[in-house]
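Text of the file upload-v1.pdb, holding PDB, C-alpha atoms:
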ATOM      1  CA  LEU V   1     116.414  87.475-123.129
ATOM      2  CA  PHE V   2     117.893  85.163-120.501
ATOM      3  CA  ILE V   3     119.699  88.019-118.765
ATOM      4  CA  GLY V   4     116.500  90.067-118.729
ATOM      5  CA  LEU V   5     114.600  87.204-117.127
ATOM      6  CA  ALA V   6     117.369  86.775-114.549
ATOM      7  CA  ILE V   7     117.083  90.460-113.681
ATOM      8  CA  CYS V   8     113.305  90.081-113.366
ATOM      9  CA  SER V   9     113.835  87.152-111.034
ATOM     10  CA  ASP V  10     116.061  89.302-108.836
ATOM     11  CA  ALA V  11     113.507  92.114-108.949
ATOM     12  CA  LEU V  12     110.810  89.762-107.634
ATOM     13  CA  GLU V  13     112.896  89.112-104.525
ATOM     14  CA  VAL V  14     112.834  92.780-103.486
ATOM     15  CA  THR V  15     109.350  93.661-104.771
ATOM     16  CA  PRO V  16     106.388  93.391-102.391
ATOM     17  CA  PRO V  17     104.200  90.447-103.435
ATOM     18  CA  ARG V  18     101.215  92.731-104.058
ATOM     19  CA  HIS V  19     103.216  94.400-106.881
ATOM     20  CA  TRP V  20     104.211  91.196-108.681
ATOM     21  CA  PRO V  21     101.407  91.527-111.256
ATOM     22  CA  CYS V  22     102.886  94.913-112.207
ATOM     23  CA  LEU V  23     106.174  93.284-113.107
ATOM     24  CA  MET V  24     104.403  90.684-115.222
ATOM     25  CA  LEU V  25     102.375  93.400-116.977
ATOM     26  CA  ALA V  26     105.563  95.363-117.659
ATOM     27  CA  LEU V  27     106.982  92.378-119.544
ATOM     28  CA  VAL V  28     104.134  92.290-122.086
ATOM     29  CA  PRO V  29     105.352  95.178-124.305
ATOM     30  CA  CYS V  30     108.892  93.770-124.158
ATOM     31  CA  PHE V  31     107.738  90.404-125.444
ATOM     32  CA  CYS V  32     105.639  92.118-128.137
ATOM     33  CA  ASN V  33     108.744  93.929-129.359
ATOM     34  CA  TRP V  34     110.735  90.695-129.303
ATOM     35  CA  ALA V  35     107.999  88.845-131.223
ATOM     36  CA  THR V  36     107.749  91.525-133.912
ATOM     37  CA  THR V  37     111.517  91.538-134.343
ATOM     38  CA  GLN V  38     111.507  87.752-134.740
ATOM     39  CA  ALA V  39     108.640  87.937-137.243
ATOM     40  CA  GLN V  40     110.415  90.635-139.269
ATOM     41  CA  ASN V  41     113.630  88.609-139.379
ATOM     42  CA  PHE V  42     111.725  85.488-140.428
ATOM     43  CA  ALA V  43     109.861  87.358-143.168
ATOM     44  CA  ALA V  44     113.085  89.003-144.380
ATOM     45  CA  GLY V  45     114.677  85.553-144.662
ATOM     46  CA  ILE V  46     111.775  84.342-146.777
ATOM     47  CA  CYS V  47     111.901  87.473-148.977
ATOM     48  CA  ASN V  48     115.622  87.012-149.532
ATOM     49  CA  GLN V  49     114.954  83.517-150.914
ATOM     50  CA  GLN V  50     112.435  84.782-153.484
ATOM     51  CA  PRO V  51     113.445  84.680-157.162
ATOM     52  CA  THR V  52     114.554  88.052-158.504
ATOM     53  CA  ASP V  53     111.619  88.202-160.936
ATOM     54  CA  GLN V  54     109.137  87.739-158.034
ATOM     55  CA  PRO V  55     110.145  90.182-155.283
ATOM     56  CA  CYS V  56     108.214  90.528-152.042
ATOM     57  CA  VAL V  57     105.207  92.805-152.179
ATOM     58  CA  MET V  58     106.512  94.899-149.276
ATOM     59  CA  SER V  59     109.665  95.034-147.186
ATOM     60  CA  PRO V  60     109.107  93.059-143.970
ATOM     61  CA  SER V  61     110.860  95.738-141.929
ATOM     62  CA  SER V  62     108.548  98.551-143.055
ATOM     63  CA  PRO V  63     105.674  99.595-140.777
ATOM     64  CA  GLY V  64     103.268  99.164-143.690
ATOM     65  CA  ALA V  65     103.917  95.424-143.712
ATOM     66  CA  TRP V  66     101.905  95.117-140.513
ATOM     67  CA  THR V  67      98.827  96.575-142.213
ATOM     68  CA  LEU V  68      98.588  93.544-144.517
ATOM     69  CA  ASP V  69      97.091  91.468-141.694
ATOM     70  CA  PRO V  70      93.312  91.489-142.281
ATOM     71  CA  SER V  71      92.485  90.517-138.680
ATOM     72  CA  GLY V  72      94.451  93.403-137.157
ATOM     73  CA  ASP V  73      96.030  91.186-134.508
ATOM     74  CA  LEU V  74      99.550  91.750-135.762
ATOM     75  CA  ARG V  75      99.034  95.512-135.900
ATOM     76  CA  GLY V  76      98.309  95.531-132.179
ATOM     77  CA  LEU V  77     101.366  93.403-131.497
ATOM     78  CA  TYR V  78     103.501  95.786-133.533
ATOM     79  CA  ALA V  79     102.026  98.910-131.906
ATOM     80  CA  LEU V  80     102.462  97.602-128.377
ATOM     81  CA  GLY V  81     106.088  96.740-129.102
ATOM     82  CA  GLN V  82     106.931 100.250-130.335
ATOM     83  CA  GLY V  83     108.376 102.297-127.476
ATOM     84  CA  TYR V  84     108.157  99.231-125.273
ATOM     85  CA  LEU V  85     110.388 100.587-122.513
ATOM     86  CA  LEU V  86     108.193 103.623-121.880
ATOM     87  CA  SER V  87     105.047 101.545-122.328
ATOM     88  CA  SER V  88     106.290  99.137-119.675
ATOM     89  CA  ILE V  89     107.030 101.965-117.263
ATOM     90  CA  TYR V  90     103.639 103.597-117.815
ATOM     91  CA  LEU V  91     101.627 100.382-117.524
ATOM     92  CA  SER V  92     103.422  99.180-114.413
ATOM     93  CA  ALA V  93     103.204 102.593-112.724
ATOM     94  CA  MET V  94      99.455 102.790-113.381
ATOM     95  CA  LEU V  95      98.893  99.303-111.983
ATOM     96  CA  ILE V  96     101.103  99.917-108.936
ATOM     97  CA  PHE V  97      99.135 103.015-108.012
ATOM     98  CA  CYS V  98      95.818 101.236-108.628
ATOM     99  CA  ILE V  99      96.869  98.377-106.353
ATOM    100  CA  ASP V 100      97.923 100.887-103.697
ATOM    101  CA  ARG V 101      94.582 102.701-104.211
ATOM    102  CA  ASP V 102      96.266 105.966-105.175
ATOM    103  CA  PHE V 103      93.980 106.635-108.110
ATOM    104  CA  LYS V 104      95.065 110.254-108.605
ATOM    105  CA  GLN V 105      98.633 109.131-109.265
ATOM    106  CA  ALA V 106      97.375 106.368-111.557
ATOM    107  CA  ALA V 107      95.333 108.933-113.484
ATOM    108  CA  LEU V 108      98.400 111.160-113.761
ATOM    109  CA  TRP V 109     100.403 108.283-115.253
ATOM    110  CA  ALA V 110      97.509 107.552-117.613
ATOM    111  CA  ALA V 111      97.559 111.184-118.770
ATOM    112  CA  VAL V 112     101.320 111.051-119.317
ATOM    113  CA  SER V 113     100.823 107.846-121.273
ATOM    114  CA  ALA V 114      98.100 109.427-123.416
ATOM    115  CA  VAL V 115     100.294 112.421-124.236
ATOM    116  CA  SER V 116     103.185 110.099-125.075
ATOM    117  CA  ALA V 117     100.972 108.085-127.400
ATOM    118  CA  SER V 118      99.586 111.213-129.063
ATOM    119  CA  VAL V 119     103.055 112.453-130.043
ATOM    120  CA  GLY V 120     104.376 109.035-131.001
ATOM    121  CA  LEU V 121     106.720 108.247-128.109
ATOM    122  CA  ILE V 122     104.883 104.960-127.638
ATOM    123  CA  HIS V 123     102.850 102.812-130.044
ATOM    124  CA  SER V 124     104.330 104.494-133.125
ATOM    125  CA  CYS V 125     107.446 104.220-135.233
ATOM    126  CA  LEU V 126     107.497 108.008-135.832
ATOM    127  CA  LEU V 127     107.708 110.947-133.452
ATOM    128  CA  TYR V 128     105.178 113.677-134.289
ATOM    129  CA  THR V 129     106.256 117.153-133.204
ATOM    130  CA  SER V 130     104.124 119.419-135.366
ATOM    131  CA  PRO V 131     100.380 119.916-134.965
ATOM    132  CA  SER V 132      99.856 119.615-138.718
ATOM    133  CA  PRO V 133      97.701 116.743-140.011
ATOM    134  CA  ARG V 134      99.702 113.630-140.755
ATOM    135  CA  ASP V 135      99.157 110.948-143.336
ATOM    136  CA  SER V 136      97.692 107.635-142.219
TER     137      SER V 136
END
Render the structure in this file as structure tokens.
Amino acid sequence: LFIGLAICSDALEVTPPRHWPCLMLALVPCFCNWATTQAQNFAAGICNQQPTDQPCVMSPSSPGAWTLDPSGDLRGLYALGQGYLLSSIYLSAMLIFCIDRDFKQAALWAAVSAVSASVGLIHSCLLYTSPSPRDS
């Protein structure tokens, strides 16, 4: 994490100031992935301390564990962290082109992002390659 922040600091030195918000936006999916990993490790530690006659209801590392949150906040955190590298690239590219008022390029990146999300490259733990209906 420290090395990543040091690299971001160096990137700010060569990035035009008008694009700084793009760098900050690109960090959001990375931190979501980091937070979900920390939460999974914490929950796994708690589950490992459970008595053998009272196992955890669900494995903390399974995607279904994130559906147990009734508010839905953790599901969004988990989804944004999946495929975080591509999500960061897509979000920052869209914002860069919006700042530079090149809305056609921003729309193109939004379309690429939508296709990536529809096949599971981002926001999903599975890659969907067939057009057949999938289970929820």
Practice task
Can you work out the spacing between CA of Val115 (chain V) and CA of Leu91 (chain V) in Å, to one decimal?
Solution key: 13.8 Å
Handout entry: Between CA of Cys22 (chain V) and CA of Gly72 (chain V), distance in Å (one decimal)
Key = 26.4 Å
Handout entry: Test item: the PyMOL selection byres ((chain V and resi 29) around 12) resolved as a ChimeraX atom specification
Key = /V:23-28,30-36,76-92,122-123
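When all atoms listed in the file are used to compute distances to Tyr128 (chain V), the closest of the residues V:Ser62, V:Arg75, V:Leu5, V:Ser116 turns out to be V:Ser116.
Selection check: the PyMOL selection byres ((chain V and resi 109-111) around 10) on the shown file gives Ile89, Tyr90, Leu91, Ser92, Ala93, Met94, Leu95, Phe97, Phe103, Lys104, Gln105, Ala106, Ala107, Leu108, Val112, Ser113, Ala114, Val115, Ser116 and Ala117 of chain V.
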Fill in the blank from the handout: If you count all atoms listed in the file, the residue of V:Gln40, V:Ser9, V:Thr15, V:Ser124 closest to Met58 (chain V) turns out to be V:Gln40
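What separates CA of Pro17 (chain V) from CA of Cys98 (chain V) is a distance of 14.6 Å.
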Handout entry: Spatial neighbours of Ser61 (chain V), max dist 9 Å, only C-alpha atoms, sep filter under 2 positions, as a VMD selection string
Key = chain V and resid 37 40 to 41 43 to 44 58 to 59 63 to 65
